[in-house]
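> run34.tsv is reproduced below (TSV, C-alpha atoms).
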chain	number	residue	atom	x	y	z
A	1	MET	CA	0.00	0.00	0.00
A	2	ALA	CA	1.45	3.33	-1.00
A	3	ASN	CA	1.58	5.81	1.85
A	4	SER	CA	0.86	9.33	0.61
A	5	THR	CA	3.28	10.94	3.07
A	6	VAL	CA	6.16	8.90	1.66
A	7	ASN	CA	7.98	10.26	-1.37
A	8	ASN	CA	10.94	8.42	-2.85
A	9	GLY	CA	10.30	10.00	-6.24
A	10	VAL	CA	8.86	6.83	-7.77
A	11	ASN	CA	5.43	7.05	-9.34
A	12	VAL	CA	4.11	3.69	-8.17
A	13	ASP	CA	0.55	4.50	-9.18
A	14	ALA	CA	1.66	4.99	-12.80
A	15	LEU	CA	3.52	1.67	-12.72
A	16	LEU	CA	0.50	-0.16	-11.33
A	17	ALA	CA	-1.69	1.48	-13.99
A	18	ALA	CA	0.79	0.40	-16.69
A	19	ARG	CA	0.60	-3.15	-15.41
A	20	GLU	CA	-3.19	-3.09	-15.68
A	21	ALA	CA	-3.01	-1.63	-19.20
A	22	LEU	CA	-0.49	-4.27	-20.33
A	23	LYS	CA	-2.81	-7.05	-19.16
A	24	GLN	CA	-5.08	-6.03	-22.04
A	25	ALA	CA	-2.19	-5.62	-24.49
A	26	PRO	CA	0.63	-8.06	-23.65
A	27	GLU	CA	2.33	-7.42	-27.03
A	28	ALA	CA	3.14	-3.90	-25.82
A	29	ALA	CA	5.26	-5.45	-23.04
A	30	LYS	CA	7.82	-6.65	-25.59
A	31	PHE	CA	10.81	-4.33	-25.45
A	32	THR	CA	14.00	-4.17	-27.49
A	33	TRP	CA	16.97	-2.27	-26.04
A	34	ARG	CA	19.73	-1.22	-28.42
A	35	ALA	CA	23.27	0.07	-28.51
A	36	SER	CA	25.76	0.83	-31.29
A	37	CYS	CA	29.46	0.32	-30.76
A	38	LYS	CA	32.34	1.75	-32.77
A	39	TRP	CA	35.94	0.65	-32.35
A	40	GLN	CA	38.31	3.59	-31.87
A	41	ASN	CA	41.82	2.14	-31.58
A	42	GLY	CA	43.45	-0.63	-29.59
A	43	THR	CA	40.98	-1.84	-26.96
A	44	HIS	CA	39.14	1.50	-26.89
A	45	SER	CA	35.55	1.66	-28.15
A	46	GLN	CA	32.65	4.05	-27.97
A	47	THR	CA	29.09	2.76	-27.47
A	48	THR	CA	26.08	4.96	-28.12
A	49	ILE	CA	22.54	4.61	-26.82
A	50	LYS	CA	19.53	6.60	-27.95
A	51	GLY	CA	16.52	4.62	-29.15
A	52	PHE	CA	14.67	1.54	-28.00
A	53	HIS	CA	11.37	-0.15	-28.79
A	54	GLY	CA	8.49	-0.71	-26.37
A	55	LEU	CA	4.78	-0.18	-25.79
A	56	GLY	CA	4.35	-1.02	-29.47
A	57	ALA	CA	6.41	1.90	-30.79
A	58	ASP	CA	9.95	3.15	-31.28
A	59	GLN	CA	11.00	5.29	-28.32
A	60	GLN	CA	13.87	7.70	-27.71
A	61	HIS	CA	15.80	8.62	-24.61
A	62	LYS	CA	15.72	12.37	-23.95
A	63	THR	CA	19.41	12.51	-24.80
A	64	GLU	CA	21.83	10.32	-26.70
A	65	THR	CA	24.57	8.98	-24.40
A	66	SER	CA	27.94	7.64	-25.40
A	67	PHE	CA	30.20	5.44	-23.29
A	68	SER	CA	33.95	4.90	-23.60
A	69	ALA	CA	35.35	1.51	-22.74
A	70	ASP	CA	38.98	0.49	-22.67
A	71	HIS	CA	41.45	-1.70	-20.82
A	72	PRO	CA	43.66	-0.22	-18.09
A	73	GLU	CA	47.31	0.74	-18.44
A	74	ILE	CA	48.47	-2.39	-16.58
A	75	PHE	CA	47.12	-4.33	-19.59
A	76	ALA	CA	49.25	-2.13	-21.88
A	77	SER	CA	46.14	-0.17	-22.94
A	78	GLU	CA	45.42	3.54	-22.69
A	79	ASP	CA	42.67	3.45	-20.03
A	80	LEU	CA	40.43	5.78	-22.02
A	81	GLY	CA	37.32	4.38	-20.32
A	82	VAL	CA	36.27	1.84	-17.72
A	83	THR	CA	36.53	-1.83	-18.62
A	84	PRO	CA	33.62	-3.78	-20.12
A	85	VAL	CA	33.32	-5.88	-16.96
A	86	GLU	CA	32.93	-2.75	-14.84
A	87	TYR	CA	29.88	-1.79	-16.94
A	88	MET	CA	28.29	-4.99	-15.65
A	89	LEU	CA	28.71	-3.70	-12.09
A	90	VAL	CA	27.16	-0.35	-13.05
A	91	GLY	CA	24.14	-2.19	-14.45
A	92	LEU	CA	23.76	-4.43	-11.42
A	93	ALA	CA	24.06	-1.71	-8.78
A	94	SER	CA	21.76	0.72	-10.60
A	95	CYS	CA	19.12	-1.94	-11.28
A	96	LEU	CA	18.93	-3.06	-7.65
A	97	THR	CA	18.98	0.55	-6.43
A	98	ALA	CA	16.06	1.59	-8.67
A	99	GLY	CA	14.20	-1.45	-7.41
A	100	VAL	CA	14.83	-0.55	-3.78
A	101	ALA	CA	13.34	2.91	-4.37
A	102	ALA	CA	10.29	1.51	-6.16
A	103	VAL	CA	9.61	-1.26	-3.64
A	104	ALA	CA	10.10	1.09	-0.68
A	105	GLN	CA	7.65	3.54	-2.24
A	106	ASN	CA	5.11	0.78	-2.77
A	107	ARG	CA	5.53	-0.35	0.85
A	108	GLY	CA	5.29	3.16	2.27
A	109	VAL	CA	8.88	3.32	3.48
A	110	GLN	CA	10.67	6.67	3.23
A	111	LEU	CA	14.26	6.32	2.07
A	112	ARG	CA	16.88	8.84	3.21
A	113	SER	CA	19.91	7.35	1.51
A	114	VAL	CA	20.78	4.21	-0.42
A	115	GLU	CA	24.41	3.49	-1.11
A	116	SER	CA	26.02	0.31	-2.31
A	117	ARG	CA	29.42	-1.06	-3.06
A	118	VAL	CA	29.74	-3.83	-5.60
A	119	GLU	CA	32.79	-6.01	-6.11
A	120	GLY	CA	33.39	-8.68	-8.71
A	121	THR	CA	36.33	-11.07	-8.52
A	122	MET	CA	37.92	-12.57	-11.59
A	123	ASP	CA	40.98	-14.67	-12.32
A	124	ILE	CA	42.41	-13.22	-15.52
A	125	GLN	CA	44.10	-16.53	-16.33
A	126	GLY	CA	40.71	-17.15	-18.01
A	127	ILE	CA	40.70	-14.26	-20.49
A	128	LEU	CA	44.43	-14.70	-21.11
A	129	GLY	CA	43.76	-18.29	-22.16
A	130	MET	CA	46.26	-19.63	-19.61
A	131	ASP	CA	44.03	-22.21	-17.96
A	132	SER	CA	40.94	-23.68	-19.58
A	133	GLN	CA	39.57	-24.53	-16.12
A	134	VAL	CA	39.34	-20.82	-15.25
A	135	ARG	CA	36.28	-19.01	-16.58
A	136	ASN	CA	36.59	-15.71	-18.43
A	137	GLY	CA	33.97	-13.86	-16.40
A	138	TYR	CA	33.47	-13.06	-12.75
A	139	ASP	CA	33.73	-16.01	-10.40
A	140	ASP	CA	31.76	-14.08	-7.79
A	141	ILE	CA	30.00	-10.73	-7.36
A	142	LYS	CA	28.99	-9.23	-4.03
A	143	ILE	CA	26.93	-6.09	-3.51
A	144	THR	CA	26.58	-4.55	-0.07
A	145	PHE	CA	23.85	-1.98	0.60
A	146	ASN	CA	23.93	0.73	3.23
A	147	ILE	CA	20.40	2.05	3.55
A	148	ASP	CA	19.11	4.80	5.79
A	149	ALA	CA	15.31	4.53	5.84
A	150	ASP	CA	12.33	4.98	8.05
A	151	ALA	CA	11.99	1.25	8.79
A	152	PRO	CA	13.56	-1.52	10.92
A	153	LYS	CA	16.41	-3.52	9.43
A	154	LYS	CA	14.18	-6.56	8.78
A	155	GLU	CA	11.85	-4.47	6.61
A	156	ILE	CA	14.80	-2.92	4.76
A	157	GLU	CA	16.17	-6.39	4.08
A	158	ALA	CA	12.79	-7.48	2.74
A	159	ILE	CA	12.73	-4.46	0.40
A	160	VAL	CA	16.18	-5.33	-0.96
A	161	ALA	CA	15.14	-8.98	-1.38
A	162	GLN	CA	12.07	-7.94	-3.38
A	163	SER	CA	14.17	-5.64	-5.57
A	164	GLN	CA	16.52	-8.56	-6.24
A	165	LYS	CA	13.57	-10.80	-7.11
A	166	ARG	CA	12.36	-8.36	-9.79
A	167	SER	CA	15.73	-7.16	-11.05
A	168	ALA	CA	16.39	-7.59	-14.77
A	169	VAL	CA	20.17	-7.28	-14.41
A	170	TYR	CA	20.38	-9.64	-11.43
A	171	ASP	CA	18.53	-12.18	-13.58
A	172	ILE	CA	20.78	-11.61	-16.62
A	173	ILE	CA	23.95	-12.12	-14.57
A	174	THR	CA	22.83	-15.02	-12.38
A	175	ASN	CA	21.04	-17.01	-15.08
A	176	PRO	CA	22.13	-18.02	-18.59
A	177	THR	CA	21.07	-15.59	-21.31
A	178	ASN	CA	21.35	-16.47	-24.97
A	179	VAL	CA	23.72	-14.25	-26.99
A	180	THR	CA	24.11	-14.63	-30.75
A	181	VAL	CA	27.17	-13.08	-32.40
A	182	VAL	CA	26.93	-12.46	-36.13
A	183	VAL	CA	29.31	-11.03	-38.74
A	184	ALA	CA	27.30	-9.13	-41.37
B	1	MET	CA	52.10	-14.53	-35.49
B	2	ALA	CA	52.14	-10.78	-35.06
B	3	ASN	CA	52.87	-8.99	-38.31
B	4	SER	CA	54.97	-5.89	-37.73
B	5	THR	CA	53.27	-3.93	-40.54
B	6	VAL	CA	49.87	-4.37	-38.85
B	7	ASN	CA	48.90	-1.86	-36.19
B	8	ASN	CA	45.51	-2.02	-34.50
B	9	GLY	CA	46.85	-0.23	-31.45
B	10	VAL	CA	46.97	-3.34	-29.30
B	11	ASN	CA	50.28	-4.23	-27.66
B	12	VAL	CA	50.07	-7.99	-28.12
B	13	ASP	CA	53.71	-8.51	-27.14
B	14	ALA	CA	53.03	-6.93	-23.76
B	15	LEU	CA	49.99	-9.17	-23.26
B	16	LEU	CA	51.96	-12.29	-24.15
B	17	ALA	CA	54.73	-11.19	-21.78
B	18	ALA	CA	52.14	-10.65	-19.02
B	19	ARG	CA	50.85	-14.14	-19.60
B	20	GLU	CA	54.36	-15.56	-19.20
B	21	ALA	CA	54.92	-13.50	-16.03
B	22	LEU	CA	51.61	-14.65	-14.52
B	23	LYS	CA	52.58	-18.28	-15.03
B	24	GLN	CA	55.17	-17.72	-12.31
B	25	ALA	CA	52.79	-15.75	-10.10
B	26	PRO	CA	49.21	-16.98	-10.58
B	27	GLU	CA	48.05	-15.10	-7.45
B	28	ALA	CA	48.65	-11.83	-9.32
B	29	ALA	CA	45.99	-12.90	-11.85
B	30	LYS	CA	43.26	-12.48	-9.22
B	31	PHE	CA	41.45	-9.23	-9.91
B	32	THR	CA	38.67	-7.41	-8.07
B	33	TRP	CA	36.65	-4.81	-9.98
B	34	ARG	CA	34.65	-2.30	-7.95
B	35	ALA	CA	31.90	0.28	-8.25
B	36	SER	CA	30.05	2.49	-5.76
B	37	CYS	CA	26.43	3.42	-6.34
B	38	LYS	CA	24.45	6.24	-4.75
B	39	TRP	CA	20.70	6.60	-5.09
B	40	GLN	CA	19.69	10.09	-6.22
B	41	ASN	CA	15.87	10.14	-6.37
B	42	GLY	CA	13.18	7.93	-7.87
B	43	THR	CA	14.86	5.36	-10.12
B	44	HIS	CA	17.88	7.61	-10.73
B	45	SER	CA	21.29	6.55	-9.40
B	46	GLN	CA	24.90	7.49	-9.91
B	47	THR	CA	27.62	4.82	-10.01
B	48	THR	CA	31.28	5.73	-9.69
B	49	ILE	CA	34.33	3.75	-10.74
B	50	LYS	CA	37.92	4.55	-9.88
B	51	GLY	CA	39.94	1.79	-8.23
B	52	PHE	CA	40.36	-1.94	-8.69
B	53	HIS	CA	42.73	-4.62	-7.46
B	54	GLY	CA	45.04	-6.72	-9.61
B	55	LEU	CA	48.63	-7.84	-10.13
B	56	GLY	CA	48.83	-8.06	-6.35
B	57	ALA	CA	48.17	-4.38	-5.69
B	58	ASP	CA	45.45	-1.75	-5.58
B	59	GLN	CA	45.22	0.03	-8.94
B	60	GLN	CA	43.53	3.22	-10.12
B	61	HIS	CA	42.01	4.24	-13.41
B	62	LYS	CA	43.55	7.44	-14.78
B	63	THR	CA	40.25	9.20	-14.12
B	64	GLU	CA	37.24	8.57	-11.93
B	65	THR	CA	34.12	8.01	-14.04
B	66	SER	CA	30.52	8.36	-12.92
B	67	PHE	CA	27.50	6.86	-14.68
B	68	SER	CA	23.88	7.94	-14.41
B	69	ALA	CA	21.18	5.30	-14.66
B	70	ASP	CA	17.45	5.83	-14.67
B	71	HIS	CA	14.25	4.50	-16.18
B	72	PRO	CA	12.69	6.18	-19.23
B	73	GLU	CA	9.77	8.57	-19.23
B	74	ILE	CA	7.37	5.88	-20.48
B	75	PHE	CA	7.95	4.17	-17.11
B	76	ALA	CA	6.97	7.43	-15.36
B	77	SER	CA	10.63	8.17	-14.58
B	78	GLU	CA	12.77	11.15	-15.52
B	79	ASP	CA	15.15	9.46	-17.99
B	80	LEU	CA	18.21	11.04	-16.39
B	81	GLY	CA	20.42	8.20	-17.67
B	82	VAL	CA	20.27	5.02	-19.68
B	83	THR	CA	18.62	2.00	-18.12
B	84	PRO	CA	20.57	-0.62	-16.16
B	85	VAL	CA	19.87	-3.24	-18.84
B	86	GLU	CA	21.39	-0.99	-21.50
B	87	TYR	CA	24.64	-0.93	-19.51
B	88	MET	CA	24.79	-4.69	-20.10
B	89	LEU	CA	24.79	-4.06	-23.85
B	90	VAL	CA	27.58	-1.48	-23.48
B	91	GLY	CA	29.66	-4.06	-21.63
B	92	LEU	CA	29.00	-6.82	-24.17
B	93	ALA	CA	29.69	-4.75	-27.29
B	94	SER	CA	32.83	-3.14	-25.88
B	95	CYS	CA	34.24	-6.46	-24.60
B	96	LEU	CA	33.82	-8.24	-27.93
B	97	THR	CA	35.15	-5.20	-29.81
B	98	ALA	CA	38.32	-5.00	-27.71
B	99	GLY	CA	38.77	-8.73	-28.27
B	100	VAL	CA	38.40	-8.36	-32.04
B	101	ALA	CA	41.17	-5.73	-32.06
B	102	ALA	CA	43.48	-7.87	-29.92
B	103	VAL	CA	42.90	-11.11	-31.83
B	104	ALA	CA	43.26	-9.36	-35.21
B	105	GLN	CA	46.54	-7.85	-34.04
B	106	ASN	CA	47.79	-11.24	-32.90
B	107	ARG	CA	46.83	-12.77	-36.26
B	108	GLY	CA	48.39	-9.98	-38.30
B	109	VAL	CA	45.11	-8.64	-39.68
B	110	GLN	CA	44.83	-4.88	-40.12
B	111	LEU	CA	41.43	-3.54	-39.08
B	112	ARG	CA	40.01	-0.46	-40.77
B	113	SER	CA	36.69	-0.25	-38.95
B	114	VAL	CA	34.73	-2.36	-36.49
B	115	GLU	CA	31.14	-1.42	-35.82
B	116	SER	CA	28.46	-3.40	-34.10
B	117	ARG	CA	24.84	-3.14	-33.24
B	118	VAL	CA	23.52	-4.99	-30.22
B	119	GLU	CA	19.87	-5.63	-29.44
B	120	GLY	CA	18.36	-7.29	-26.41
B	121	THR	CA	14.72	-8.30	-26.25
B	122	MET	CA	12.79	-8.42	-23.02
B	123	ASP	CA	9.18	-8.95	-22.04
B	124	ILE	CA	8.55	-6.46	-19.23
B	125	GLN	CA	5.74	-8.60	-17.88
B	126	GLY	CA	8.64	-10.19	-15.97
B	127	ILE	CA	9.91	-7.13	-14.10
B	128	LEU	CA	6.35	-5.92	-13.54
B	129	GLY	CA	5.55	-9.22	-11.82
B	130	MET	CA	2.63	-9.91	-14.16
B	131	ASP	CA	3.58	-13.43	-15.20
B	132	SER	CA	5.90	-15.67	-13.20
B	133	GLN	CA	6.68	-17.63	-16.39
B	134	VAL	CA	8.33	-14.56	-17.93
B	135	ARG	CA	11.89	-13.91	-16.84
B	136	ASN	CA	13.02	-10.47	-15.67
B	137	GLY	CA	16.07	-10.23	-17.91
B	138	TYR	CA	16.71	-10.42	-21.63
B	139	ASP	CA	15.18	-13.39	-23.38
B	140	ASP	CA	17.66	-12.96	-26.23
B	141	ILE	CA	20.60	-10.74	-27.21
B	142	LYS	CA	22.00	-10.43	-30.71
B	143	ILE	CA	25.11	-8.55	-31.74
B	144	THR	CA	25.92	-7.95	-35.39
B	145	PHE	CA	29.41	-6.88	-36.43
B	146	ASN	CA	30.32	-4.90	-39.53
B	147	ILE	CA	34.05	-5.19	-39.96
B	148	ASP	CA	36.23	-3.67	-42.63
B	149	ALA	CA	39.61	-5.42	-42.48
B	150	ASP	CA	42.41	-6.64	-44.62
B	151	ALA	CA	41.21	-10.26	-44.61
B	152	PRO	CA	38.61	-12.54	-46.24
B	153	LYS	CA	35.26	-12.89	-44.50
B	154	LYS	CA	36.10	-16.39	-43.20
B	155	GLU	CA	39.14	-15.03	-41.40
B	156	ILE	CA	37.16	-12.12	-39.97
B	157	GLU	CA	34.53	-14.55	-38.70
B	158	ALA	CA	37.25	-16.63	-37.03
B	159	ILE	CA	38.61	-13.50	-35.32
B	160	VAL	CA	35.15	-12.65	-33.95
B	161	ALA	CA	34.67	-16.25	-32.80
B	162	GLN	CA	37.98	-16.18	-30.93
B	163	SER	CA	37.06	-12.85	-29.30
B	164	GLN	CA	33.76	-14.41	-28.18
B	165	LYS	CA	35.60	-17.44	-26.79
B	166	ARG	CA	37.81	-15.23	-24.58
B	167	SER	CA	35.24	-12.54	-23.69
B	168	ALA	CA	34.61	-11.96	-19.99
B	169	VAL	CA	31.26	-10.24	-20.56
B	170	TYR	CA	30.02	-12.84	-23.04
B	171	ASP	CA	30.77	-15.45	-20.37
B	172	ILE	CA	29.07	-13.46	-17.59
B	173	ILE	CA	25.89	-13.04	-19.63
B	174	THR	CA	25.65	-16.51	-21.18
B	175	ASN	CA	26.61	-18.50	-18.08
B	176	PRO	CA	25.35	-18.30	-14.49
B	177	THR	CA	27.40	-16.03	-12.24
B	178	ASN	CA	26.94	-16.01	-8.50
B	179	VAL	CA	25.73	-12.68	-7.04
B	180	THR	CA	25.38	-12.13	-3.29
B	181	VAL	CA	23.27	-9.22	-2.08
B	182	VAL	CA	23.88	-8.05	1.48
B	183	VAL	CA	22.37	-5.33	3.66
B	184	ALA	CA	25.06	-3.92	5.98
Here is a file; write its structure as C-alpha cells.

Amino acid sequence: MANSTVNNGVNVDALLAAREALKQAPEAAKFTWRASCKWQNGTHSQTTIKGFHGLGADQQHKTETSFSADHPEIFASEDLGVTPVEYMLVGLASCLTAGVAAVAQNRGVQLRSVESRVEGTMDIQGILGMDSQVRNGYDDIKITFNIDADAPKKEIEAIVAQSQKRSAVYDIITNPTNVTVVVA
Amino acid sequence: MANSTVNNGVNVDALLAAREALKQAPEAAKFTWRASCKWQNGTHSQTTIKGFHGLGADQQHKTETSFSADHPEIFASEDLGVTPVEYMLVGLASCLTAGVAAVAQNRGVQLRSVESRVEGTMDIQGILGMDSQVRNGYDDIKITFNIDADAPKKEIEAIVAQSQKRSAVYDIITNPTNVTVVVA
C-alpha cells in the first residue's frame, strides 16, 4: 500500500496502472533495447545509446549517451574508459537501487539514503587463455547496501530482497542468457 | 604470429609477456573490480568507478568516471540516464570489440573499422511481476558486427569467434554467475 506521506520520487501508481493496461495488451510489453558500438583504436571503443522499442512503438531517450570503454594501463592499454566488466557492475548496482526505491515507495517506506558497493572477482588466467579450467567472467560478485530509511532492518532487508527478485540485471547475470554473435 | 606492418593499437607482445609473467605468479591474476552506487531520487542513481585490485596491488584508473542510470519517461521516470539493462549491452559490445582488435593484431590482420549493433529483447511482464513464467532479464541478445579489415570474410569470422571465446562479458551473460546481495 502506497503511503501518501512517503515520497521516494517513484510514481508507483503509474507503474501499477501500466501493469493493468499491459494485461489487455501483452504485445506492448515486448521491449528491445539497443546500442551501437564503434571501435576507436586498440581496446578502446565508444558505445552509443539513444533509441529503443516498447509499448508497441519506437522510443527515444531524452538525450543520446555515449560510453567509452577500454582496458587499463596495466594491460598495456590507454585506459580511455572503464573496462567492459565494470559496466556490468554499473548495471547491477543501478538496477537493484532503482528497485529498492520503487519497492520502498510501494511499501510506504521513506528512504533517506541508499548506497552500495559492488565487487566482482575474476581470475584473468581465463581471459588470457592460460588455464581452460578458469572461466573468463566473474567467479563471484557481491553487492553490499547501506540504507538509511524509516523502517527496521528486517523491513529494509525485505525491500532489498524484493528488488533482487524483480531485477532484470540480477537475472541476466545469475542465469544463462542467450547471446548470438553475427558477422554481417 | 604478429605482423609488424599491422597496427591495430593493441600491444600484443606486452599481453603475451604478461601471460608468461603470470605463469610464475598466478596469485597476481586475481582481480577485483569495484563500483560504488548512490541513489539520487526515484529510479535515478549514480555509479562511480575509480579503483580496482590486480597484479597483487590496488590500482587506479587514470580518471574517476561516474554513470547515471534511470528508467525512461514511459515508465513514469525522468530518464536522467540510460537504463541498467542498456549498460549490459555497453559491456557486451565493448568487450567483444576490444577482443576483435586484440585477436586481429595477434593474427596480423589490419582492421580499418569495427562497428556493431547490439539488441536485447525483453518482455517487461517479468519485471512488472505480471507473469511468473516470464523472466526479468533479456530473453535474447543479438550482436551484429560490420568489420572492414584486410582479410577474407572467413578469417574475420574466425577473429570474432575467438574474441567471443575469450570474452569476460560474453561469459558473464551466457553462463550463471553467482551474485550475493547483502544489507550492511
> Determine the nearest neighbour of A:Ala101 from the options B:Asn178, B:Ser167, B:Thr43, B:Ser116, counting all atoms listed in the file.
B:Thr43
> Give the answer as one residue: which of B:Asn41, B:Ser163, B:Asn175, B:Asn11 has the shortest atom-to-atom distance to A:Glu73, using all atoms listed in the file?
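For A:Glu73, the nearest of the given residues is B:Asn11.
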> Within 10 Å of (37.2, -0.9, -34.7) (file coordinates; all atoms listed in the file), which protein or nucleic acid residues are there? I'd like them as number ranges by chain.
A: 37-46; B: 8, 97-98, 100-101, 111-116, 145-149
> How far is it from atom CA of B:Leu16 to atom CA of A:Ala76, in Å with one decimal?
10.8 Å
> Would you please work out which residue, of A:Ile156, A:Asp70, A:Leu55, A:Pro84, is nearest to chain B when using all atoms listed in the file?
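Of A:Ile156, A:Asp70, A:Leu55, A:Pro84, the one nearest chain B, counting all atoms listed in the file, is A:Pro84.
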> Which residues come within 10 Å of A:Ala161, counting only C-alpha atoms, excluding same-chain residues fewer than 3 positions away, as a compact mmCIF listing (two decimals) with C-alpha atoms, in the coordinates of the input?

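Generated file (around_22.txt):
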# COMPACT_ATOMS: atom_id res chain seq x y z
CA LEU A 96 18.93 -3.06 -7.65
CA GLY A 99 14.20 -1.45 -7.41
CA VAL A 100 14.83 -0.55 -3.78
CA VAL A 103 9.61 -1.26 -3.64
CA GLU A 155 11.85 -4.47 6.61
CA ILE A 156 14.80 -2.92 4.76
CA GLU A 157 16.17 -6.39 4.08
CA ALA A 158 12.79 -7.48 2.74
CA GLN A 164 16.52 -8.56 -6.24
CA LYS A 165 13.57 -10.80 -7.11
CA ARG A 166 12.36 -8.36 -9.79
CA SER A 167 15.73 -7.16 -11.05
CA VAL B 181 23.27 -9.22 -2.08
CA VAL B 182 23.88 -8.05 1.48
CA VAL B 183 22.37 -5.33 3.66
> Because the input lacks atoms here, generate all heavy atoms for stretch 156-163 of chain B and report them as a JSON list (two decimals), in the coordinates of the input.

[["chain", "number", "residue", "atom", "x", "y", "z"],
["B", 156, "ILE", "N", 37.79, -13.10, -40.87],
["B", 156, "ILE", "CA", 37.16, -12.12, -39.97],
["B", 156, "ILE", "C", 36.20, -12.84, -39.01],
["B", 156, "ILE", "O", 36.18, -12.57, -37.80],
["B", 156, "ILE", "CB", 36.42, -11.03, -40.78],
["B", 156, "ILE", "CG1", 37.46, -10.17, -41.54],
["B", 156, "ILE", "CG2", 35.55, -10.16, -39.88],
["B", 156, "ILE", "CD1", 36.86, -9.20, -42.52],
["B", 157, "GLU", "N", 35.44, -13.78, -39.55],
["B", 157, "GLU", "CA", 34.53, -14.55, -38.70],
["B", 157, "GLU", "C", 35.29, -15.34, -37.63],
["B", 157, "GLU", "O", 34.84, -15.45, -36.49],
["B", 157, "GLU", "CB", 33.69, -15.51, -39.56],
["B", 157, "GLU", "CG", 32.58, -14.78, -40.32],
["B", 157, "GLU", "CD", 31.82, -15.68, -41.28],
["B", 157, "GLU", "OE1", 32.40, -16.69, -41.74],
["B", 157, "GLU", "OE2", 30.67, -15.36, -41.59],
["B", 158, "ALA", "N", 36.45, -15.86, -38.00],
["B", 158, "ALA", "CA", 37.25, -16.63, -37.03],
["B", 158, "ALA", "C", 37.80, -15.71, -35.94],
["B", 158, "ALA", "O", 37.91, -16.11, -34.77],
["B", 158, "ALA", "CB", 38.39, -17.34, -37.76],
["B", 159, "ILE", "N", 38.13, -14.47, -36.31],
["B", 159, "ILE", "CA", 38.61, -13.50, -35.32],
["B", 159, "ILE", "C", 37.49, -13.17, -34.32],
["B", 159, "ILE", "O", 37.70, -13.14, -33.10],
["B", 159, "ILE", "CB", 39.11, -12.21, -36.02],
["B", 159, "ILE", "CG1", 40.43, -12.51, -36.76],
["B", 159, "ILE", "CG2", 39.28, -11.06, -35.03],
["B", 159, "ILE", "CD1", 40.87, -11.41, -37.71],
["B", 160, "VAL", "N", 36.29, -12.96, -34.84],
["B", 160, "VAL", "CA", 35.15, -12.65, -33.95],
["B", 160, "VAL", "C", 34.86, -13.85, -33.05],
["B", 160, "VAL", "O", 34.61, -13.68, -31.84],
["B", 160, "VAL", "CB", 33.91, -12.25, -34.78],
["B", 160, "VAL", "CG1", 32.68, -12.13, -33.90],
["B", 160, "VAL", "CG2", 34.17, -10.94, -35.53],
["B", 161, "ALA", "N", 34.94, -15.04, -33.61],
["B", 161, "ALA", "CA", 34.67, -16.25, -32.80],
["B", 161, "ALA", "C", 35.69, -16.39, -31.68],
["B", 161, "ALA", "O", 35.35, -16.77, -30.55],
["B", 161, "ALA", "CB", 34.68, -17.49, -33.71],
["B", 162, "GLN", "N", 36.95, -16.07, -31.97],
["B", 162, "GLN", "CA", 37.98, -16.18, -30.93],
["B", 162, "GLN", "C", 37.77, -15.11, -29.85],
["B", 162, "GLN", "O", 37.97, -15.36, -28.66],
["B", 162, "GLN", "CB", 39.38, -16.04, -31.55],
["B", 162, "GLN", "CG", 40.53, -16.13, -30.54],
["B", 162, "GLN", "CD", 40.61, -17.46, -29.80],
["B", 162, "GLN", "OE1", 40.08, -18.47, -30.25],
["B", 162, "GLN", "NE2", 41.24, -17.45, -28.63],
["B", 163, "SER", "N", 37.36, -13.92, -30.27],
["B", 163, "SER", "CA", 37.06, -12.85, -29.30],
["B", 163, "SER", "C", 35.94, -13.31, -28.35],
["B", 163, "SER", "O", 36.02, -13.14, -27.13],
["B", 163, "SER", "CB", 36.64, -11.58, -30.05],
["B", 163, "SER", "OG", 36.08, -10.65, -29.15]]
